Amino acid sequence: MNALLLLLIAQQPAVTVDSEAISGLGARNIGSAAMSGRIAALAAVEEGARLTIYVGAASGGVWKSVNGGTTFKPVFDKQPVQSIGAVTIDPKNPKVVWVGTGESWMRNSVSIGDGIYRSDDGGENWTNMGLRESEHIVKILVDPTATNTVYVCVPGKLWSDSEDRGVYKTTDGGKTWTRVLRGTNLSTGCSMLAMDPSNAKTLYAGMWDFRRRGWTFRSGGDSATAPSASSLFKSTDGGATWTDLTATAGSGLPPKPWGRVAVAVAPSKPDIVYAFIEAVPPLNALYRSDNGGKTWQMLDRSQNMIWRPFYFANLIVDPTNPDRVYKPDGGLIVSTDGGKSFSGISGGAHGDFHDVWIDPKNTDNVITGDDGGLWFSYDAGNKWVKNENLPVSQFYHVSVDMERPYNVYGGLQDNSSWVGPSEYPGGITNHQWENMYGGDGFWMFADPTDPDYLYAEAQGGAIGRVNRRTHESRNIQPLPRYQEKKLRFNWNTPIHISATQKGTVYIGAQVLFRSKDFGQTWERISPDLTTNDPQKQKQEQSGGITVDNSAAEMHTTIYAIAESPRDGLVVWAGTDDGNLQVTRDGGKTWTNVAPNVAGLRKNAWVTSVEPGHFANGTIYATFDLHTFGDMRPYAYKSADFGATWTPLITSGSPVRGYAHVIKEDLVNPNLLFLGTEFGLWVSVDGGKQWAHYKGGDLPAVAVRDLAIHPRDHDLVIATHGRGIWIVDDITPLRALTPDVLARPVAFLAGRPTVQRLQAGGGWANGDAMYVGPNPPSDAVITYYQRRRRGVRRERETPRHAADEQTTRPESGDVVHAPGGAARTAGRECGIRCGVWPAGPARHLHDQTDEGHGDIYDAARGRPRPAQHAHRAGASGGARTGTQGFRHAERHDVCRRADQRCPPGAR
Amino acid sequence: MRGTLLKLAALALCATPLSAQSVDSLIAKYVQASGGMARVQALQSLRRSGKFTGSGGFEAVVVQENKRPNSVREEFSIQGMTGINAYDGHSGWKIEPWNGKRDPEALGEDEMHSILDDADFDGPLVNYQTKGNRVEYQGMEQIEGSDAYKLKVTRPNGDVSFYYLDTEYYVPIRIDTQRMIRGAPQEFETSLGDYKQVNGVYLPFSSESGPKGSSSADRGKITYDKIEANVPLDDQRFARPGAHP
């Protein structure tokens, strides 16, 4: 019998490392909501006497408030995408909510969705109702008389041709959809949809011909293969037939070509229709019709009416006053004279507005969303109250320092560059985060040689060296040589701090710059490392009908830089147009190794490079083809300086979303972290298997950057839409060797636990403030229990019955348990944490526990235990074992640059 | 050998296809995994004794006594003082001695919602129909990467709990509760673990609770050292002191 059992055990399949196996290591979201993040869509309804609000974050899911905005909770976190383009509440039943995924304010960094969702219980549960290939949805309108009839305005794919765009209609609550209006080419979709609320069969649709590429954006105008199809349509039969309103001579509408179109009906007088039309200047303006679209009059064309239509194309008419119109733009503007003139009412809000909600019962109550979050007005938009409760911040990059506790640094979309503590007495409130620079923020680093200074940047490589105390900054951006054309700095220009030579900083344009004197002077250590393709250098003409000359379409630039942590002469530079260059002599000679990546499409954007920490020739790289319409992840490894490459994501891989970053662990070369547009993925076997990390219920939000703290062993996750998350102590992940994974149960070593002395901090903030949690103060005991679900799949086979037998041959009372011993059913599989001694005892068994409550006693002012080793024990029948762990005293509490730790405390 | 046979029976139980799950079959499996209805109903009283740990290391000794059909008394002791919340099947009361006041007062609205949950001896899933609870199966959902069966329980007072059952053992590993208090929702989540047998019934010996979305560091943890079954508990322990029967 025993021989048979051994044979059966030997036949066990390899252990799958999946989400369940790794997600027991929780993560905490330290925010921040101080800068919040871009809000794309809003909806609200009074339920009883209280206001329910749904907020669609550009890349951070849907948030719901049932108390008028005092508190919010995320309600879309279980869904596979987090970019929101539209939110609409059923006008008859406030529990029915529609969400269109994929933001449609089509900036360069916009994410994508996977269709339209419906909830029938106020957001608790969601069902994807289709339109899965839409990628972007901008408006959902529900027929107020027959709410199973719903119209959806789908701009469709931004980066590629697509059939899946236009106006869609369902009459069965979303079970089936019919496209009722389509563009005449594959690049034209719906940009806005409006309904006559008194006659819901009357619809107006703005159609928009658009296309973004890595190096250019076209809003309207002709494409290479087809004439422009932007226009304005009307239907009076629920979308069955449509009339092109520009076809009638003398309509007053401007001549084609057009770009983006916004349209809105005045709810209180539906013959009045407003349309913003991106026509060829000077006819780009607000137009108004007083007869349901037959004739139009050109009105306002102030700067905030016509600016950046790809980003601002929304009109909101007051529900009771047909002459009061809001236009979200760089500034929020409002007209009180029917559109003849507009006034700026941004006040103290952030700017770059996208949606407005007006309370139909009291139109003084207005809510708006912009690039800086959510804002409330109680005087019709004259003054604004900031919402402090939405941690939807959109980080691009993250770094850490060596303070104790350490600080987190990062830059955000349109929200500057911030530093915040990884822990703080009382929790990490918005107040603990400090803005250090300006503009859009990207890479940001503490100066490793002088903690009084840091490096931050704004878009287009505007790097500054900033004094942390005074906030004084000095622009140190490298300049072009005399009579040289301007340097090409990416919107998200890479900065890199040398790990081998303190004080050395890199920044990339089309050439690589290196400074050894804090940016005072720069040397060029490379030629142009890009393809230098002149066809991709027309950023100044980009925009389509409305030229939009920002650095957003600057192309043929260096996008990723990394110096080898093992050899400062080895430097890697990846470009946005597909080159991956390496120098092994400090910049004297360069080799483009991108052509060696077999099977990878040419010109793939190099999003990250990660030189290995264990071998000089090791390099990891992520490539991104989403700007060509390919949303799949690409990650490769080379062990020979890029001569040959191994793909890390093969067919059948569970990894989803275009890849932003890959990191190799600092201790275990087989432990890899991969950030994609849809989350964080972990491999414990060098990239053969990947598991979606969902610890702390981290949603499927874009993970743009990662940092591993070299002293504290935390993984710091920069999400583009949900702020910074920290996985406290990844040491247990490092221990997940094949041997451990094959065991039924194993303790995993953790970092020494630091005794935390109570310290006062924070103050009462009310309920409308986000507070990021601190790390656990308990000693954490982590163990791995082999995933049982995999076993269960083949449960009826004898060998797994045998496996059950051999894992617990002696645990008599357990064997008697129906269902196979429920005693440890909390968090049954994968890595689990128990906190010692007072945690939710997820020890496997308690019979041999030897721990006592010393640590807590100490923390509560009783005698503290000496720094010595403790042992926690657990038994699983024959699998009894113990795990030693240490706790060490914390030497000091020092958290800011001006309270730095004494050297001995580092 | 008997153990092996039992295990095989259990394995067959677990092999039910996911699509075949329904409220009643899931609850039946939960009851069976817990020890079977006979053993569950043989429990007439329970005394749970252990330790509460709050954020920052705050500790208290806790005792919870339950007696069928629906009496409960909860004691919370720090520094030699004991606070009491109790419900005798009719009314809820409390003693909060922390500032020297030792006479009982009525439980507030939030406390009443909470203690009614605690007074439900077998929890809301067992015999849910007779309690007037409505239970819906809402499919699989992941709890930190682990699959779980999601059951929505709506109590007669409108409180809603989402029970997430382990896909192996069918016992709850997390409970999310939404209570309407003074017209506003209050949401909590509780993680359960360390199930061990008490008179043949598996009960969770540890739990961790806090507002929904709170981190582990900010939640209260209860770890029971022992759970005694069928100890004699006088009805007087649940009745408000000084109250006339």
# chains A, B, ... in the order shown; residues from 1 in each chain; ligands from 1
$ residues_around --residues "Lys226 in chain B" --least-positions-apart "3" --cutoff "8 Å" --atoms "only C-alpha atoms" --output "PDB file with C-alpha atoms, in the first residue's frame"
ATOM      1  CA  ARG B  48     -16.498  31.334  23.164  1.00  0.00           C
ATOM      2  CA  SER B  49     -13.560  32.728  25.131  1.00  0.00           C
ATOM      3  CA  GLY B  50     -10.586  34.511  23.718  1.00  0.00           C
ATOM      4  CA  PHE B 205     -11.813  30.241  16.010  1.00  0.00           C
TER       5      PHE B 205
END
$ closest_atom_pairs --of "chain B" --to "chain A" --cutoff "6 Å" --atoms "only C-alpha atoms" --output "CSV"
residue,atom,partner,partner_atom,distance
B:Gly3,CA,A:Val815,CA,5.4
B:Ala10,CA,A:Gly819,CA,4.7
B:Ala33,CA,A:Pro818,CA,5.1
B:Gly57,CA,A:Tyr856,CA,5.0
B:Glu144,CA,A:Gly695,CA,5.0
B:Gly145,CA,A:Glu20,CA,4.5
B:Ser146,CA,A:Glu20,CA,4.8
B:Tyr169,CA,A:Gly819,CA,5.4
B:Ile173,CA,A:Gly826,CA,5.0
B:Leu192,CA,A:Gly826,CA,5.6
B:Gly193,CA,A:Gly826,CA,3.9
B:Asp194,CA,A:Thr824,CA,4.7
B:Tyr195,CA,A:Arg823,CA,3.8
B:Lys196,CA,A:Arg823,CA,4.7
B:Ser206,CA,A:Pro840,CA,4.9
B:Ser207,CA,A:Pro840,CA,5.4
B:Glu208,CA,A:Pro840,CA,5.9
B:Ala217,CA,A:Pro776,CA,4.7
B:Lys221,CA,A:Pro840,CA,5.9
$ write_last_selection --atoms "N, CA and C atoms" --output "PDB file, in the first residue's frame"
ATOM      1  N   GLY B   3     -11.599   6.333   7.738  1.00  0.00           N
ATOM      2  CA  GLY B   3     -11.250   7.698   7.339  1.00  0.00           C
ATOM      3  C   GLY B   3     -11.149   7.828   5.833  1.00  0.00           C
ATOM      4  N   ALA B  10     -16.318  12.531   0.722  1.00  0.00           N
ATOM      5  CA  ALA B  10     -16.205  13.984   0.709  1.00  0.00           C
ATOM      6  C   ALA B  10     -15.715  14.475  -0.644  1.00  0.00           C
ATOM      7  N   ALA B  33     -20.387  19.949   5.673  1.00  0.00           N
ATOM      8  CA  ALA B  33     -18.973  20.141   5.958  1.00  0.00           C
ATOM      9  C   ALA B  33     -18.760  20.582   7.397  1.00  0.00           C
ATOM     10  N   GLY B  57      -2.367  47.309  18.663  1.00  0.00           N
ATOM     11  CA  GLY B  57      -2.035  46.356  19.710  1.00  0.00           C
ATOM     12  C   GLY B  57      -2.966  46.385  20.901  1.00  0.00           C
ATOM     13  N   GLU B 144      -9.304  38.118  -2.966  1.00  0.00           N
ATOM     14  CA  GLU B 144      -7.845  38.180  -3.025  1.00  0.00           C
ATOM     15  C   GLU B 144      -7.266  37.015  -3.816  1.00  0.00           C
ATOM     16  N   GLY B 145      -7.831  36.788  -4.979  1.00  0.00           N
ATOM     17  CA  GLY B 145      -7.269  35.795  -5.867  1.00  0.00           C
ATOM     18  C   GLY B 145      -7.826  34.396  -5.684  1.00  0.00           C
ATOM     19  N   SER B 146      -8.572  34.171  -4.616  1.00  0.00           N
ATOM     20  CA  SER B 146      -9.135  32.843  -4.388  1.00  0.00           C
ATOM     21  C   SER B 146     -10.605  32.835  -4.768  1.00  0.00           C
ATOM     22  N   TYR B 169     -14.422  23.642   0.985  1.00  0.00           N
ATOM     23  CA  TYR B 169     -15.054  23.151   2.212  1.00  0.00           C
ATOM     24  C   TYR B 169     -16.416  23.785   2.462  1.00  0.00           C
ATOM     25  N   ILE B 173     -15.531  32.081   4.309  1.00  0.00           N
ATOM     26  CA  ILE B 173     -14.207  32.632   4.571  1.00  0.00           C
ATOM     27  C   ILE B 173     -14.267  34.158   4.660  1.00  0.00           C
ATOM     28  N   LEU B 192     -12.906  35.040   8.125  1.00  0.00           N
ATOM     29  CA  LEU B 192     -12.998  33.965   9.109  1.00  0.00           C
ATOM     30  C   LEU B 192     -11.922  32.930   8.830  1.00  0.00           C
ATOM     31  N   GLY B 193     -11.439  32.315   9.873  1.00  0.00           N
ATOM     32  CA  GLY B 193     -10.441  31.282   9.665  1.00  0.00           C
ATOM     33  C   GLY B 193     -10.278  30.402  10.884  1.00  0.00           C
ATOM     34  N   ASP B 194      -9.326  29.502  10.777  1.00  0.00           N
ATOM     35  CA  ASP B 194      -8.971  28.625  11.876  1.00  0.00           C
ATOM     36  C   ASP B 194     -10.175  27.810  12.346  1.00  0.00           C
ATOM     37  N   TYR B 195     -10.825  27.178  11.403  1.00  0.00           N
ATOM     38  CA  TYR B 195     -11.978  26.345  11.761  1.00  0.00           C
ATOM     39  C   TYR B 195     -11.509  25.107  12.505  1.00  0.00           C
ATOM     40  N   LYS B 196     -12.138  24.878  13.635  1.00  0.00           N
ATOM     41  CA  LYS B 196     -11.839  23.654  14.395  1.00  0.00           C
ATOM     42  C   LYS B 196     -13.139  23.073  14.931  1.00  0.00           C
ATOM     43  N   SER B 206     -11.107  32.121  14.674  1.00  0.00           N
ATOM     44  CA  SER B 206     -10.540  33.468  14.550  1.00  0.00           C
ATOM     45  C   SER B 206     -11.316  34.252  13.509  1.00  0.00           C
ATOM     46  N   SER B 207     -11.335  35.533  13.723  1.00  0.00           N
ATOM     47  CA  SER B 207     -11.987  36.409  12.753  1.00  0.00           C
ATOM     48  C   SER B 207     -11.309  37.768  12.791  1.00  0.00           C
ATOM     49  N   GLU B 208     -11.511  38.486  11.730  1.00  0.00           N
ATOM     50  CA  GLU B 208     -10.894  39.810  11.585  1.00  0.00           C
ATOM     51  C   GLU B 208     -11.961  40.687  10.959  1.00  0.00           C
ATOM     52  N   ALA B 217      -4.315  45.958   9.078  1.00  0.00           N
ATOM     53  CA  ALA B 217      -3.757  46.626  10.253  1.00  0.00           C
ATOM     54  C   ALA B 217      -4.816  47.413  11.012  1.00  0.00           C
ATOM     55  N   LYS B 221      -9.334  42.003  15.603  1.00  0.00           N
ATOM     56  CA  LYS B 221      -9.162  40.564  15.436  1.00  0.00           C
ATOM     57  C   LYS B 221      -9.617  39.861  16.699  1.00  0.00           C
TER      58      LYS B 221
END
$ atom_distance --atom1 "CA of Gly252 in chain A" --atom2 "CA of Asp271 in chain A"
16.0 Å
$ select_by_dssp --residues "range 368-476 of chain A" --states "strand (DSSP E)" --output "NGL selection string"
:A and (368-370 or 373-377 or 385-386 or 399-400 or 407-411 or 417-421 or 428-429 or 434-435 or 444-446 or 453-458 or 462-467 or 473-475)
$ residues_around --residues "range 62-68 of chain B" --least-positions-apart "2" --cutoff "10 Å" --atoms "only C-alpha atoms" --output "JSON, numbers by chain"
{"B": [41, 43, 44, 45, 46, 47, 48, 49, 50, 51, 52, 53, 59, 60, 70, 71, 72, 73, 74, 75, 76, 77, 78, 82, 83, 84, 85, 86, 87, 88, 89, 118, 119, 120, 121, 122, 222, 223, 224, 226, 227, 228, 229, 230, 231, 232, 233, 234, 235, 237, 238]}
$ write_last_selection --atoms "C-alpha atoms" --output "PDB file, in the first residue's frame"
ATOM      1  CA  GLN B  41     -28.599  21.120  16.118  1.00  0.00           C
ATOM      2  CA  LEU B  43     -25.441  22.309  20.103  1.00  0.00           C
ATOM      3  CA  GLN B  44     -27.675  24.016  22.612  1.00  0.00           C
ATOM      4  CA  SER B  45     -25.268  26.572  23.941  1.00  0.00           C
ATOM      5  CA  LEU B  46     -21.806  27.876  23.134  1.00  0.00           C
ATOM      6  CA  ARG B  47     -19.323  29.824  25.180  1.00  0.00           C
ATOM      7  CA  ARG B  48     -16.498  31.334  23.164  1.00  0.00           C
ATOM      8  CA  SER B  49     -13.560  32.728  25.131  1.00  0.00           C
ATOM      9  CA  GLY B  50     -10.586  34.511  23.718  1.00  0.00           C
ATOM     10  CA  LYS B  51      -8.848  37.711  22.922  1.00  0.00           C
ATOM     11  CA  PHE B  52      -9.655  40.798  20.926  1.00  0.00           C
ATOM     12  CA  THR B  53      -6.844  42.777  19.369  1.00  0.00           C
ATOM     13  CA  GLU B  59      -6.076  43.994  23.659  1.00  0.00           C
ATOM     14  CA  ALA B  60      -9.154  42.818  25.519  1.00  0.00           C
ATOM     15  CA  ASN B  70     -31.571  33.331  20.107  1.00  0.00           C
ATOM     16  CA  SER B  71     -29.994  34.625  23.283  1.00  0.00           C
ATOM     17  CA  VAL B  72     -26.515  36.069  23.338  1.00  0.00           C
ATOM     18  CA  ARG B  73     -24.254  37.793  25.830  1.00  0.00           C
ATOM     19  CA  GLU B  74     -20.981  39.403  24.836  1.00  0.00           C
ATOM     20  CA  GLU B  75     -18.391  40.479  27.359  1.00  0.00           C
ATOM     21  CA  PHE B  76     -15.441  42.710  26.658  1.00  0.00           C
ATOM     22  CA  SER B  77     -12.898  43.134  29.460  1.00  0.00           C
ATOM     23  CA  ILE B  78     -10.000  45.522  29.764  1.00  0.00           C
ATOM     24  CA  THR B  82     -16.115  44.266  31.793  1.00  0.00           C
ATOM     25  CA  GLY B  83     -18.518  45.741  29.294  1.00  0.00           C
ATOM     26  CA  ILE B  84     -21.554  43.715  28.317  1.00  0.00           C
ATOM     27  CA  ASN B  85     -23.843  43.637  25.292  1.00  0.00           C
ATOM     28  CA  ALA B  86     -26.673  41.160  25.504  1.00  0.00           C
ATOM     29  CA  TYR B  87     -29.935  40.130  23.949  1.00  0.00           C
ATOM     30  CA  ASP B  88     -32.465  37.786  25.494  1.00  0.00           C
ATOM     31  CA  GLY B  89     -34.604  37.168  22.466  1.00  0.00           C
ATOM     32  CA  ASP B 118     -24.786  37.409  16.716  1.00  0.00           C
ATOM     33  CA  ALA B 119     -27.913  35.996  18.358  1.00  0.00           C
ATOM     34  CA  ASP B 120     -28.672  33.840  15.335  1.00  0.00           C
ATOM     35  CA  PHE B 121     -27.259  30.646  16.833  1.00  0.00           C
ATOM     36  CA  ASP B 122     -26.462  28.841  13.585  1.00  0.00           C
ATOM     37  CA  ILE B 222     -10.755  37.995  17.674  1.00  0.00           C
ATOM     38  CA  THR B 223      -9.010  34.760  18.484  1.00  0.00           C
ATOM     39  CA  TYR B 224     -10.839  32.267  20.634  1.00  0.00           C
ATOM     40  CA  LYS B 226     -11.679  27.768  23.501  1.00  0.00           C
ATOM     41  CA  ILE B 227     -15.252  27.258  22.484  1.00  0.00           C
ATOM     42  CA  GLU B 228     -17.297  25.174  24.903  1.00  0.00           C
ATOM     43  CA  ALA B 229     -20.508  23.548  23.851  1.00  0.00           C
ATOM     44  CA  ASN B 230     -23.605  22.792  25.864  1.00  0.00           C
ATOM     45  CA  VAL B 231     -22.414  24.504  29.007  1.00  0.00           C
ATOM     46  CA  PRO B 232     -25.257  25.441  31.308  1.00  0.00           C
ATOM     47  CA  LEU B 233     -26.185  29.068  30.767  1.00  0.00           C
ATOM     48  CA  ASP B 234     -28.893  30.506  32.931  1.00  0.00           C
ATOM     49  CA  ASP B 235     -31.437  32.648  31.121  1.00  0.00           C
ATOM     50  CA  ARG B 237     -27.373  35.957  32.035  1.00  0.00           C
ATOM     51  CA  PHE B 238     -29.150  37.301  28.968  1.00  0.00           C
TER      52      PHE B 238
END
$ select_by_dssp --residues "chain B" --states "helix (DSSP H, G or I)" --output "VMD selection string"
chain B and resid 2 to 14 18 to 20 23 to 34 37 to 42 55 to 57 97 to 99 109 to 119 216 to 218 235 to 237
$ write_last_selection --atoms "C-alpha atoms" --output "PDB file, in the first residue's frame"
ATOM      1  CA  ARG B   2     -12.992   4.411   7.777  1.00  0.00           C
ATOM      2  CA  GLY B   3     -11.250   7.698   7.339  1.00  0.00           C
ATOM      3  CA  THR B   4     -10.380   6.926   3.778  1.00  0.00           C
ATOM      4  CA  LEU B   5     -13.938   6.042   2.944  1.00  0.00           C
ATOM      5  CA  LEU B   6     -15.174   9.220   4.491  1.00  0.00           C
ATOM      6  CA  LYS B   7     -12.676  11.185   2.546  1.00  0.00           C
ATOM      7  CA  LEU B   8     -13.684   9.611  -0.710  1.00  0.00           C
ATOM      8  CA  ALA B   9     -17.262  10.460   0.047  1.00  0.00           C
ATOM      9  CA  ALA B  10     -16.205  13.984   0.709  1.00  0.00           C
ATOM     10  CA  LEU B  11     -14.290  14.145  -2.534  1.00  0.00           C
ATOM     11  CA  ALA B  12     -17.326  13.051  -4.492  1.00  0.00           C
ATOM     12  CA  LEU B  13     -19.266  15.759  -2.744  1.00  0.00           C
ATOM     13  CA  CYS B  14     -16.808  18.338  -3.876  1.00  0.00           C
ATOM     14  CA  LEU B  18     -19.943  24.630 -10.636  1.00  0.00           C
ATOM     15  CA  SER B  19     -22.945  25.176 -12.856  1.00  0.00           C
ATOM     16  CA  ALA B  20     -25.016  22.888 -10.687  1.00  0.00           C
ATOM     17  CA  VAL B  23     -28.494  28.098  -2.835  1.00  0.00           C
ATOM     18  CA  ASP B  24     -29.851  24.986  -1.222  1.00  0.00           C
ATOM     19  CA  SER B  25     -27.135  22.661  -2.401  1.00  0.00           C
ATOM     20  CA  LEU B  26     -24.426  25.092  -1.293  1.00  0.00           C
ATOM     21  CA  ILE B  27     -25.969  25.500   2.122  1.00  0.00           C
ATOM     22  CA  ALA B  28     -26.453  21.774   2.417  1.00  0.00           C
ATOM     23  CA  LYS B  29     -22.780  21.285   1.678  1.00  0.00           C
ATOM     24  CA  TYR B  30     -21.863  23.941   4.173  1.00  0.00           C
ATOM     25  CA  VAL B  31     -23.932  22.230   6.852  1.00  0.00           C
ATOM     26  CA  GLN B  32     -22.525  18.866   5.975  1.00  0.00           C
ATOM     27  CA  ALA B  33     -18.973  20.141   5.958  1.00  0.00           C
ATOM     28  CA  SER B  34     -19.585  21.752   9.313  1.00  0.00           C
ATOM     29  CA  MET B  37     -27.365  19.006  10.698  1.00  0.00           C
ATOM     30  CA  ALA B  38     -27.719  16.562  13.586  1.00  0.00           C
ATOM     31  CA  ARG B  39     -24.505  17.688  15.195  1.00  0.00           C
ATOM     32  CA  VAL B  40     -25.215  21.329  14.484  1.00  0.00           C
ATOM     33  CA  GLN B  41     -28.599  21.120  16.118  1.00  0.00           C
ATOM     34  CA  ALA B  42     -27.240  19.170  19.036  1.00  0.00           C
ATOM     35  CA  SER B  55      -5.355  48.474  15.898  1.00  0.00           C
ATOM     36  CA  GLY B  56      -2.065  49.402  17.478  1.00  0.00           C
ATOM     37  CA  GLY B  57      -2.035  46.356  19.710  1.00  0.00           C
ATOM     38  CA  PRO B  97     -18.568  50.617  32.823  1.00  0.00           C
ATOM     39  CA  TRP B  98     -15.564  52.486  31.455  1.00  0.00           C
ATOM     40  CA  ASN B  99     -16.356  55.769  33.139  1.00  0.00           C
ATOM     41  CA  GLU B 109     -29.897  51.008  16.653  1.00  0.00           C
ATOM     42  CA  ASP B 110     -26.547  49.981  15.181  1.00  0.00           C
ATOM     43  CA  GLU B 111     -25.799  47.736  18.143  1.00  0.00           C
ATOM     44  CA  MET B 112     -29.174  46.066  17.833  1.00  0.00           C
ATOM     45  CA  HIS B 113     -28.554  45.184  14.199  1.00  0.00           C
ATOM     46  CA  SER B 114     -25.225  43.715  15.180  1.00  0.00           C
ATOM     47  CA  ILE B 115     -26.397  41.727  18.168  1.00  0.00           C
ATOM     48  CA  LEU B 116     -29.315  40.267  16.257  1.00  0.00           C
ATOM     49  CA  ASP B 117     -26.785  38.827  13.836  1.00  0.00           C
ATOM     50  CA  ASP B 118     -24.786  37.409  16.716  1.00  0.00           C
ATOM     51  CA  ALA B 119     -27.913  35.996  18.358  1.00  0.00           C
ATOM     52  CA  SER B 216      -5.697  44.309   7.989  1.00  0.00           C
ATOM     53  CA  ALA B 217      -3.757  46.626  10.253  1.00  0.00           C
ATOM     54  CA  ASP B 218      -6.872  48.622  10.972  1.00  0.00           C
ATOM     55  CA  ASP B 235     -31.437  32.648  31.121  1.00  0.00           C
ATOM     56  CA  GLN B 236     -30.716  35.343  33.686  1.00  0.00           C
ATOM     57  CA  ARG B 237     -27.373  35.957  32.035  1.00  0.00           C
TER      58      ARG B 237
END
$ residues_around --residues "Glu105 in chain B" --least-positions-apart "4" --cutoff "9 Å" --atoms "only C-alpha atoms" --output "JSON list (two decimals) with C-alpha atoms, in the first residue's frame"
[["chain", "number", "residue", "atom", "x", "y", "z"],
["B", 92, "GLY", "CA", -31.01, 44.23, 23.83],
["B", 93, "TRP", "CA", -29.08, 45.98, 26.58],
["B", 94, "LYS", "CA", -25.57, 46.98, 27.48],
["B", 95, "ILE", "CA", -23.38, 47.96, 30.37],
["B", 96, "GLU", "CA", -20.51, 50.29, 29.59],
["B", 240, "ARG", "CA", -31.38, 42.93, 31.48]]
$ atom_distance --atom1 "CA of Trp296 in chain A" --atom2 "CA of Gly239 in chain A"
21.9 Å
$ atom_distance --atom1 "CA of Gly568 in chain A" --atom2 "CA of Ser498 in chain A"
7.5 Å
$ residues_around --residues "Gln541 in chain A" --least-positions-apart "5" --cutoff "10 Å" --atoms "only C-alpha atoms" --output "mmCIF file with C-alpha atoms, in the first residue's frame"
data_model
loop_
_atom_site.group_PDB
_atom_site.id
_atom_site.type_symbol
_atom_site.label_atom_id
_atom_site.label_comp_id
_atom_site.auth_asym_id
_atom_site.auth_seq_id
_atom_site.Cartn_x
_atom_site.Cartn_y
_atom_site.Cartn_z
ATOM 1 C CA THR A 216 0.588 61.923 -34.691
ATOM 2 C CA PHE A 217 -3.068 62.493 -34.008
ATOM 3 C CA ARG A 218 -5.771 63.196 -36.533
ATOM 4 C CA THR A 546 -7.242 71.687 -34.914
ATOM 5 C CA VAL A 547 -3.460 71.612 -34.686
ATOM 6 C CA ASP A 548 -2.405 70.574 -31.207
ATOM 7 C CA ASN A 549 1.243 71.246 -30.670
ATOM 8 C CA GLU A 553 3.148 63.231 -30.166
#
$ closest_residue --among "B:His90, B:Arg174, B:Lys150, B:Arg182" --to "Pro204 in chain B" --atoms "only C-alpha atoms"
B:Arg174
$ residues_around --residues "Asp114 in chain A" --least-positions-apart "4" --cutoff "7 Å" --atoms "only C-alpha atoms" --output "ChimeraX atom specification"
/A:81,101,132-135
$ residues_around --residues "Phe72 in chain A" --least-positions-apart "2" --cutoff "6 Å" --atoms "only C-alpha atoms" --output "count of residues only"
3
